[in-house]
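Next comes protein24.cif, a file with mmCIF, C-alpha atoms; chains and numbers go by the auth columns.
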```cif
data_model
#
loop_
_atom_site.group_PDB
_atom_site.id
_atom_site.type_symbol
_atom_site.label_atom_id
_atom_site.label_comp_id
_atom_site.label_asym_id
_atom_site.label_seq_id
_atom_site.Cartn_x
_atom_site.Cartn_y
_atom_site.Cartn_z
_atom_site.B_iso_or_equiv
_atom_site.auth_seq_id
_atom_site.auth_asym_id
ATOM 1 C CA MET A 1 163.171 194.656 -128.589 0.00 1454 A
ATOM 2 C CA SER A 2 165.327 192.619 -126.199 0.00 1455 A
ATOM 3 C CA THR A 3 163.854 191.133 -123.031 0.00 1456 A
ATOM 4 C CA PRO A 4 164.743 193.261 -119.973 0.00 1457 A
ATOM 5 C CA SER A 5 167.295 191.760 -117.631 0.00 1458 A
ATOM 6 C CA ILE A 6 166.177 190.763 -114.155 0.00 1459 A
ATOM 7 C CA PRO A 7 167.664 193.890 -112.552 0.00 1460 A
ATOM 8 C CA ASP A 8 165.868 196.081 -115.146 0.00 1461 A
ATOM 9 C CA SER A 9 162.600 194.274 -114.507 0.00 1462 A
ATOM 10 C CA GLN A 10 162.974 194.748 -110.782 0.00 1463 A
ATOM 11 C CA ARG A 11 163.782 198.419 -111.251 0.00 1464 A
ATOM 12 C CA LEU A 12 160.721 198.921 -113.458 0.00 1465 A
ATOM 13 C CA LEU A 13 158.561 197.134 -110.890 0.00 1466 A
ATOM 14 C CA ALA A 14 159.890 199.365 -108.106 0.00 1467 A
ATOM 15 C CA LEU A 15 159.281 202.507 -110.175 0.00 1468 A
ATOM 16 C CA GLU A 16 155.747 201.383 -110.987 0.00 1469 A
ATOM 17 C CA LYS A 17 154.993 200.696 -107.321 0.00 1470 A
ATOM 18 C CA HIS A 18 156.164 204.184 -106.455 0.00 1471 A
ATOM 19 C CA ALA A 19 154.121 205.700 -109.299 0.00 1472 A
ATOM 20 C CA GLU A 20 150.998 203.825 -108.166 0.00 1473 A
ATOM 21 C CA GLN A 21 151.426 204.992 -104.583 0.00 1474 A
ATOM 22 C CA TRP A 22 151.865 208.575 -105.761 0.00 1475 A
ATOM 23 C CA ALA A 23 148.766 208.275 -107.956 0.00 1476 A
ATOM 24 C CA LEU A 24 146.667 207.251 -104.953 0.00 1477 A
ATOM 25 C CA THR A 25 147.611 210.489 -103.185 0.00 1478 A
ATOM 26 C CA ILE A 26 146.258 212.697 -106.002 0.00 1479 A
ATOM 27 C CA LEU A 27 143.112 210.863 -107.121 0.00 1480 A
ATOM 28 C CA ARG A 28 140.794 211.976 -104.345 0.00 1481 A
ATOM 29 C CA GLY A 29 137.518 213.543 -105.404 0.00 1482 A
ATOM 30 C CA ALA A 30 134.031 212.287 -106.228 0.00 1483 A
ATOM 31 C CA THR A 31 134.335 214.003 -109.621 0.00 1484 A
ATOM 32 C CA PHE A 32 137.288 215.125 -111.700 0.00 1485 A
ATOM 33 C CA THR A 33 136.424 218.743 -110.884 0.00 1486 A
ATOM 34 C CA ASP A 34 136.664 217.896 -107.175 0.00 1487 A
ATOM 35 C CA CYS A 35 139.959 216.162 -107.888 0.00 1488 A
ATOM 36 C CA LEU A 36 141.306 219.317 -109.523 0.00 1489 A
ATOM 37 C CA LYS A 37 140.284 221.492 -106.587 0.00 1490 A
ATOM 38 C CA ILE A 38 141.810 219.120 -104.026 0.00 1491 A
ATOM 39 C CA ASN A 39 145.100 219.254 -105.931 0.00 1492 A
ATOM 40 C CA GLY A 40 145.081 223.054 -106.079 0.00 1493 A
ATOM 41 C CA ILE A 41 144.245 223.274 -109.769 0.00 1494 A
ATOM 42 C CA ALA A 42 141.589 225.670 -111.042 0.00 1495 A
ATOM 43 C CA PRO A 43 138.649 223.729 -112.558 0.00 1496 A
ATOM 44 C CA THR A 44 138.360 226.161 -115.466 0.00 1497 A
ATOM 45 C CA CYS A 45 140.548 228.471 -117.517 0.00 1498 A
ATOM 46 C CA GLU A 46 139.141 231.624 -119.109 0.00 1499 A
ATOM 47 C CA ILE A 47 140.828 233.017 -122.194 0.00 1500 A
ATOM 48 C CA VAL A 48 140.221 236.168 -124.168 0.00 1501 A
ATOM 49 C CA THR A 49 140.836 235.561 -127.860 0.00 1502 A
ATOM 50 C CA PRO A 50 142.456 238.153 -130.165 0.00 1503 A
ATOM 51 C CA GLU A 51 138.921 238.909 -131.378 0.00 1504 A
ATOM 52 C CA GLY A 52 137.914 239.838 -127.830 0.00 1505 A
ATOM 53 C CA LYS A 53 135.769 236.757 -127.250 0.00 1506 A
ATOM 54 C CA THR A 54 135.924 235.056 -123.850 0.00 1507 A
ATOM 55 C CA VAL A 55 136.404 231.291 -124.019 0.00 1508 A
ATOM 56 C CA THR A 56 136.095 229.009 -120.992 0.00 1509 A
ATOM 57 C CA ILE A 57 137.867 225.669 -120.987 0.00 1510 A
ATOM 58 C CA ARG A 58 136.842 223.188 -118.313 0.00 1511 A
ATOM 59 C CA GLY A 59 139.274 220.722 -116.832 0.00 1512 A
ATOM 60 C CA SER A 60 136.501 218.130 -116.773 0.00 1513 A
ATOM 61 C CA ASP A 61 136.383 218.289 -120.584 0.00 1514 A
ATOM 62 C CA VAL A 62 140.061 217.299 -120.725 0.00 1515 A
ATOM 63 C CA TYR A 63 139.230 214.239 -118.621 0.00 1516 A
ATOM 64 C CA ASP A 64 136.048 213.421 -120.581 0.00 1517 A
ATOM 65 C CA HIS A 65 136.014 209.727 -121.561 0.00 1518 A
ATOM 66 C CA ARG A 66 134.796 210.359 -125.096 0.00 1519 A
ATOM 67 C CA THR A 67 137.538 212.910 -125.712 0.00 1520 A
ATOM 68 C CA TRP A 68 140.141 210.515 -124.261 0.00 1521 A
ATOM 69 C CA LYS A 69 138.963 207.644 -126.487 0.00 1522 A
ATOM 70 C CA LYS A 70 138.992 209.905 -129.550 0.00 1523 A
ATOM 71 C CA PHE A 71 142.580 210.891 -128.749 0.00 1524 A
ATOM 72 C CA LEU A 72 143.703 207.274 -128.287 0.00 1525 A
ATOM 73 C CA ALA A 73 142.104 206.312 -131.599 0.00 1526 A
ATOM 74 C CA SER A 74 143.942 209.161 -133.327 0.00 1527 A
ATOM 75 C CA ILE A 75 147.318 207.711 -132.289 0.00 1528 A
ATOM 76 C CA ASN A 76 146.274 204.074 -132.855 0.00 1529 A
ATOM 77 C CA GLN A 77 146.559 203.311 -129.161 0.00 1530 A
ATOM 78 C CA ASP A 78 144.109 200.854 -127.587 0.00 1531 A
ATOM 79 C CA GLU A 79 142.564 201.629 -124.231 0.00 1532 A
ATOM 80 C CA ASP A 80 144.309 198.782 -122.401 0.00 1533 A
ATOM 81 C CA ILE A 81 147.025 200.911 -120.800 0.00 1534 A
ATOM 82 C CA TYR A 82 148.270 199.433 -117.544 0.00 1535 A
ATOM 83 C CA GLN A 83 151.578 201.205 -116.929 0.00 1536 A
ATOM 84 C CA LEU A 84 152.316 204.617 -115.432 0.00 1537 A
ATOM 85 C CA THR A 85 156.112 204.573 -115.563 0.00 1538 A
ATOM 86 C CA ASP A 86 157.372 206.322 -118.743 0.00 1539 A
ATOM 87 C CA VAL A 87 154.010 205.751 -120.477 0.00 1540 A
ATOM 88 C CA LYS A 88 152.127 208.435 -118.527 0.00 1541 A
ATOM 89 C CA GLU A 89 154.562 211.215 -119.419 0.00 1542 A
ATOM 90 C CA HIS A 90 154.648 210.220 -123.084 0.00 1543 A
ATOM 91 C CA LEU A 91 150.864 210.024 -123.355 0.00 1544 A
ATOM 92 C CA ALA A 92 150.455 213.339 -121.538 0.00 1545 A
ATOM 93 C CA GLU A 93 152.710 215.074 -124.060 0.00 1546 A
ATOM 94 C CA GLN A 94 150.874 213.497 -126.997 0.00 1547 A
ATOM 95 C CA TYR A 95 147.511 214.417 -125.495 0.00 1548 A
ATOM 96 C CA LYS A 96 148.590 218.023 -125.063 0.00 1549 A
ATOM 97 C CA THR A 97 149.720 218.239 -128.698 0.00 1550 A
ATOM 98 C CA TRP A 98 146.466 216.664 -129.897 0.00 1551 A
ATOM 99 C CA LEU A 99 144.277 219.013 -127.860 0.00 1552 A
ATOM 100 C CA LEU A 100 146.149 222.092 -129.049 0.00 1553 A
ATOM 101 C CA ARG A 101 146.403 221.142 -132.710 0.00 1554 A
ATOM 102 C CA GLU A 102 143.729 218.617 -133.657 0.00 1555 A
ATOM 103 C CA HIS A 103 140.848 218.901 -131.187 0.00 1556 A
ATOM 104 C CA THR A 104 138.284 221.734 -131.041 0.00 1557 A
ATOM 105 C CA THR A 105 139.546 225.191 -131.956 0.00 1558 A
ATOM 106 C CA ARG A 106 138.950 226.670 -128.492 0.00 1559 A
ATOM 107 C CA TYR A 107 142.055 224.878 -127.180 0.00 1560 A
ATOM 108 C CA ARG A 108 144.146 226.787 -129.699 0.00 1561 A
ATOM 109 C CA ALA A 109 143.309 229.959 -127.795 0.00 1562 A
ATOM 110 C CA LEU A 110 145.557 228.691 -124.978 0.00 1563 A
ATOM 111 C CA ALA A 111 148.697 230.670 -125.701 0.00 1564 A
ATOM 112 C CA THR A 112 150.176 232.233 -122.567 0.00 1565 A
ATOM 113 C CA GLU A 113 152.670 230.421 -120.360 0.00 1566 A
ATOM 114 C CA ALA A 114 150.175 230.383 -117.483 0.00 1567 A
ATOM 115 C CA ASP A 115 147.399 228.927 -119.671 0.00 1568 A
ATOM 116 C CA LEU A 116 149.632 226.185 -121.028 0.00 1569 A
ATOM 117 C CA GLU A 117 150.923 225.365 -117.551 0.00 1570 A
ATOM 118 C CA TRP A 118 147.326 224.987 -116.375 0.00 1571 A
ATOM 119 C CA LEU A 119 146.593 222.636 -119.280 0.00 1572 A
ATOM 120 C CA GLU A 120 149.679 220.528 -118.562 0.00 1573 A
ATOM 121 C CA ARG A 121 148.720 220.082 -114.918 0.00 1574 A
ATOM 122 C CA VAL A 122 145.148 219.121 -115.820 0.00 1575 A
ATOM 123 C CA ILE A 123 146.403 216.652 -118.427 0.00 1576 A
ATOM 124 C CA THR A 124 148.824 215.037 -115.964 0.00 1577 A
ATOM 125 C CA LEU A 125 145.994 214.464 -113.529 0.00 1578 A
ATOM 126 C CA ALA A 126 143.574 213.259 -116.226 0.00 1579 A
ATOM 127 C CA VAL A 127 146.017 210.792 -117.791 0.00 1580 A
ATOM 128 C CA THR A 128 146.985 209.418 -114.377 0.00 1581 A
ATOM 129 C CA ARG A 129 143.330 208.948 -113.440 0.00 1582 A
ATOM 130 C CA HIS A 130 142.504 207.210 -116.726 0.00 1583 A
ATOM 131 C CA ILE A 131 145.418 204.778 -116.424 0.00 1584 A
ATOM 132 C CA MET A 132 144.677 203.931 -112.793 0.00 1585 A
ATOM 133 C CA GLU A 133 140.993 203.374 -113.582 0.00 1586 A
ATOM 134 C CA GLN A 134 141.934 201.150 -116.509 0.00 1587 A
ATOM 135 C CA LYS A 135 144.339 199.180 -114.316 0.00 1588 A
ATOM 136 C CA TYR A 136 141.586 198.574 -111.789 0.00 1589 A
ATOM 137 C CA ALA A 137 138.955 197.679 -114.398 0.00 1590 A
ATOM 138 C CA ALA A 138 141.235 195.019 -115.911 0.00 1591 A
ATOM 139 C CA TYR A 139 142.239 193.784 -112.459 0.00 1592 A
ATOM 140 C CA THR A 140 138.636 193.250 -111.350 0.00 1593 A
ATOM 141 C CA SER A 141 136.886 192.234 -114.578 0.00 1594 A
ATOM 142 C CA GLN A 142 139.628 190.166 -116.231 0.00 1595 A
ATOM 143 C CA GLY A 143 141.735 189.070 -113.287 0.00 1596 A
ATOM 144 C CA LEU A 144 144.875 190.582 -114.819 0.00 1597 A
ATOM 145 C CA GLU A 145 147.808 191.446 -112.560 0.00 1598 A
ATOM 146 C CA THR A 146 147.867 195.072 -113.638 0.00 1599 A
ATOM 147 C CA PHE A 147 149.198 196.512 -110.360 0.00 1600 A
ATOM 148 C CA ALA A 148 152.846 196.331 -109.363 0.00 1601 A
ATOM 149 C CA ASP A 149 151.675 196.120 -105.756 0.00 1602 A
ATOM 150 C CA PRO A 150 148.430 194.159 -105.132 0.00 1603 A
ATOM 151 C CA ARG A 151 147.748 196.322 -102.079 0.00 1604 A
ATOM 152 C CA THR A 152 147.447 199.316 -104.373 0.00 1605 A
ATOM 153 C CA ALA A 153 144.586 197.572 -106.166 0.00 1606 A
ATOM 154 C CA ILE A 154 142.747 197.269 -102.839 0.00 1607 A
ATOM 155 C CA GLU A 155 143.367 200.929 -102.038 0.00 1608 A
ATOM 156 C CA MET A 156 142.233 201.955 -105.522 0.00 1609 A
ATOM 157 C CA GLY A 157 139.046 199.957 -105.070 0.00 1610 A
ATOM 158 C CA ASN A 158 138.391 201.653 -101.732 0.00 1611 A
ATOM 159 C CA LEU A 159 138.987 205.069 -103.285 0.00 1612 A
ATOM 160 C CA LEU A 160 136.658 204.403 -106.222 0.00 1613 A
ATOM 161 C CA LEU A 161 134.004 203.161 -103.808 0.00 1614 A
ATOM 162 C CA LEU A 162 134.345 206.312 -101.712 0.00 1615 A
ATOM 163 C CA ASN A 163 134.069 208.448 -104.853 0.00 1616 A
ATOM 164 C CA HIS A 164 130.915 206.592 -105.895 0.00 1617 A
ATOM 165 C CA VAL A 165 129.292 206.857 -102.468 0.00 1618 A
ATOM 166 C CA ALA A 166 130.162 210.570 -102.296 0.00 1619 A
ATOM 167 C CA ARG A 167 128.443 211.191 -105.642 0.00 1620 A
ATOM 168 C CA GLU A 168 125.313 209.420 -104.416 0.00 1621 A
ATOM 169 C CA ILE A 169 125.382 211.371 -101.135 0.00 1622 A
ATOM 170 C CA ALA A 170 125.793 214.610 -103.107 0.00 1623 A
ATOM 171 C CA ARG A 171 122.592 213.929 -105.054 0.00 1624 A
ATOM 172 C CA SER A 172 120.666 213.387 -101.826 0.00 1625 A
ATOM 173 C CA VAL A 173 122.145 216.438 -100.113 0.00 1626 A
ATOM 174 C CA HIS A 174 121.263 218.722 -103.028 0.00 1627 A
ATOM 175 C CA HIS A 175 117.674 217.495 -102.894 0.00 1628 A
ATOM 176 C CA ILE A 176 117.405 218.275 -99.183 0.00 1629 A
ATOM 177 C CA ILE A 177 119.505 221.434 -98.879 0.00 1630 A
ATOM 178 C CA LYS A 178 118.737 224.115 -101.412 0.00 1631 A
ATOM 179 C CA GLU A 179 121.589 226.464 -100.480 0.00 1632 A
ATOM 180 C CA PRO A 180 124.463 225.395 -102.804 0.00 1633 A
ATOM 181 C CA ALA A 181 127.295 226.604 -100.549 0.00 1634 A
ATOM 182 C CA GLN A 182 125.924 224.821 -97.492 0.00 1635 A
ATOM 183 C CA ALA A 183 125.287 221.632 -99.468 0.00 1636 A
ATOM 184 C CA GLN A 184 128.814 221.671 -100.884 0.00 1637 A
ATOM 185 C CA GLN A 185 130.299 222.173 -97.430 0.00 1638 A
ATOM 186 C CA LEU A 186 128.460 219.129 -96.072 0.00 1639 A
ATOM 187 C CA ILE A 187 129.526 217.011 -99.040 0.00 1640 A
ATOM 188 C CA GLU A 188 133.178 218.024 -98.613 0.00 1641 A
ATOM 189 C CA GLN A 189 133.049 217.305 -94.882 0.00 1642 A
ATOM 190 C CA PHE A 190 131.618 213.853 -95.563 0.00 1643 A
ATOM 191 C CA TYR A 191 134.327 213.090 -98.115 0.00 1644 A
ATOM 192 C CA GLU A 192 137.256 214.316 -96.051 0.00 1645 A
ATOM 193 C CA GLU A 193 136.099 212.529 -92.905 0.00 1646 A
ATOM 194 C CA HIS A 194 135.737 209.202 -94.662 0.00 1647 A
ATOM 195 C CA PHE A 195 138.956 209.649 -96.624 0.00 1648 A
ATOM 196 C CA ARG A 196 140.877 210.285 -93.385 0.00 1649 A
ATOM 197 C CA HIS A 197 139.331 207.148 -91.910 0.00 1650 A
ATOM 198 C CA MET A 198 140.374 205.191 -95.002 0.00 1651 A
ATOM 199 C CA GLN A 199 143.914 206.541 -94.749 0.00 1652 A
ATOM 200 C CA ALA A 200 144.137 205.653 -91.060 0.00 1653 A
ATOM 201 C CA GLN A 201 143.429 202.019 -91.944 0.00 1654 A
ATOM 202 C CA SER A 202 145.902 201.950 -94.824 0.00 1655 A
ATOM 203 C CA LEU A 203 149.395 200.590 -94.269 0.00 1656 A
ATOM 204 C CA LEU A 204 150.189 201.387 -97.886 0.00 1657 A
ATOM 205 C CA MET A 205 149.440 205.083 -97.391 0.00 1658 A
ATOM 206 C CA HIS A 206 151.700 205.134 -94.333 0.00 1659 A
ATOM 207 C CA GLU A 207 154.506 203.593 -96.396 0.00 1660 A
ATOM 208 C CA SER A 208 153.954 206.213 -99.094 0.00 1661 A
ATOM 209 C CA LEU A 209 154.340 209.024 -96.587 0.00 1662 A
ATOM 210 C CA VAL A 210 157.421 207.465 -95.034 0.00 1663 A
ATOM 211 C CA SER A 211 159.077 206.918 -98.415 0.00 1664 A
ATOM 212 C CA GLY A 212 158.414 210.554 -99.331 0.00 1665 A
ATOM 213 C CA ALA A 213 156.449 209.911 -102.489 0.00 1666 A
ATOM 214 C CA ALA A 214 156.279 213.340 -104.096 0.00 1667 A
ATOM 215 C CA ALA A 215 154.093 214.760 -106.825 0.00 1668 A
ATOM 216 C CA PRO A 216 155.850 215.619 -110.106 0.00 1669 A
ATOM 217 C CA LEU A 217 156.631 219.210 -110.913 0.00 1670 A
ATOM 218 C CA ALA A 218 153.649 219.455 -113.268 0.00 1671 A
ATOM 219 C CA LEU A 219 151.265 219.163 -110.323 0.00 1672 A
ATOM 220 C CA THR A 220 153.231 221.224 -107.830 0.00 1673 A
ATOM 221 C CA VAL A 221 151.470 224.394 -106.761 0.00 1674 A
ATOM 222 C CA GLN A 222 153.952 227.177 -106.352 0.00 1675 A
ATOM 223 C CA LYS A 223 153.831 228.914 -103.001 0.00 1676 A
ATOM 224 C CA GLY A 224 151.623 231.950 -103.190 0.00 1677 A
ATOM 225 C CA GLU A 225 150.203 231.006 -106.605 0.00 1678 A
ATOM 226 C CA GLU A 226 146.666 232.234 -107.096 0.00 1679 A
ATOM 227 C CA GLN A 227 144.149 229.881 -108.648 0.00 1680 A
ATOM 228 C CA ARG A 228 142.507 231.082 -111.804 0.00 1681 A
ATOM 229 C CA GLY A 229 138.941 230.456 -112.822 0.00 1682 A
#
```

Would you put the structure from the file into structure tokens?
Amino acid sequence: MSTPSIPDSQRLLALEKHAEQWALTILRGATFTDCLKINGIAPTCEIVTPEGKTVTIRGSDVYDHRTWKKFLASINQDEDIYQLTDVKEHLAEQYKTWLLREHTTRYRALATEADLEWLERVITLAVTRHIMEQKYAAYTSQGLETFADPRTAIEMGNLLLLNHVAREIARSVHHIIKEPAQAQQLIEQFYEEHFRHMQAQSLLMHESLVSGAAAPLALTVQKGEEQRG
């Protein structure tokens, strides 16, 4: 493989910066289930098999670290993935094929266009989250320059910290408030308030909004679409 020319390298760097900025806008959520809800994606998908059995597939299972590692091992891919541009789309397609054909049989019950669209959107979010987390882990633990824009690494660190704090707060809230709906409302208010504060202090987020960083079609929620699950 020939070494990319300087213009090609610069183009790839610019694309990766844009992809990183976009990723930051969709990775909110203390848990992956929260992340799905924030992005307008149903956390579960219920399917009725030809035998009449109801099967529930959870988006959090698609994101599950053990499942992700098993998939990577099946394609002889190590976990050190630090690039979104081109790689994310390719991995997402491979992951979809693996889930539908080689993973547990319940995924094979996904047959309708709506079910498969749901799976694709969950996979896009899961793969993006895994790559961004891996970028940050290598950046902090190994000192590798895994981010096209160093400011994105700072923003990713802030976001991961917020997610961690929100999970800890959630545990405390559930111990104090026994009504699930009320507890969840307080947790969501805490998260949104602190995320807005974080955004207000972020020049990078302002640049992302100005540049019009848009989510790919796979994550776009059609107007009037009803969430399933």

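When the PyMOL selection byres ((chain A and resi 1509-1514) around 6) is evaluated on the file shown here, the picked residues come out as Phe1485, Thr1486, Pro1496, Thr1497, Cys1498, Glu1499, Val1508, Val1515, Tyr1516 and Asp1517 of chain A.
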
Need to verify the contact set: Lys1523 of chain A, 12 Å, all atoms listed in the file, exclusion of same-chain residues closer than 2 positions in sequence. Can you return it as an MDAnalysis selection string?
chainID A and resid 1515:1521 1525:1532 1548 1551:1552 1555:1557

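The closest residue to Tyr1535 of chain A, picked from A:Asn1492, A:Gln1463, A:Gln1474, A:Gln1587 and counting only C-alpha atoms, is A:Gln1587.
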
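Using all atoms listed in the file, the smallest distance between any of A:Val1575, A:His1583, A:Lys1588, A:Asp1487 and Pro1603 of chain A comes from A:Lys1588.
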
Under the PyMOL selection byres ((chain A and resi 1470) around 12), which residues of this model are included? Write them out as a count of residues only. 30

* Selection: 9 Å around Leu1613 of chain A, only C-alpha atoms, excl. self and same-chain fewer than 5 positions, as a VMD selection string -> chain A and resid 1481 1483 1586 1608 1618

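Distances here use all atoms listed in the file; by that measure, the residue among A:Leu1578, A:Glu1546, A:Leu1480, A:Asp1533 closest to Gly1610 of chain A is A:Leu1480.
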
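Between atom CA of Arg1554 of chain A and atom CA of Ile1576 of chain A lies a distance of 15.0 Å.
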
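Separating atom CA of Thr1558 of chain A from atom CA of Leu1489 of chain A is a distance of 23.3 Å.
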
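Here atom CA of Met1609 of chain A stands at a distance of 26.1 Å from atom CA of Lys1549 of chain A.
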
Counting all atoms listed in the file, the residue among A:Ala1567, A:Leu1572, A:Val1540, A:Ala1579 that lies closest to Leu1553 of chain A is A:Leu1572

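Restricting the calculation to all atoms listed in the file, the smallest distance between Thr1577 of chain A and any of A:His1543, A:Phe1524, A:Thr1507, A:Leu1614 is found for A:His1543.
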
From the list A:Ala1564, A:Val1501, A:Leu1615, A:Met1585, the nearest residue to Lys1541 of chain A using all atoms listed in the file is A:Met1585
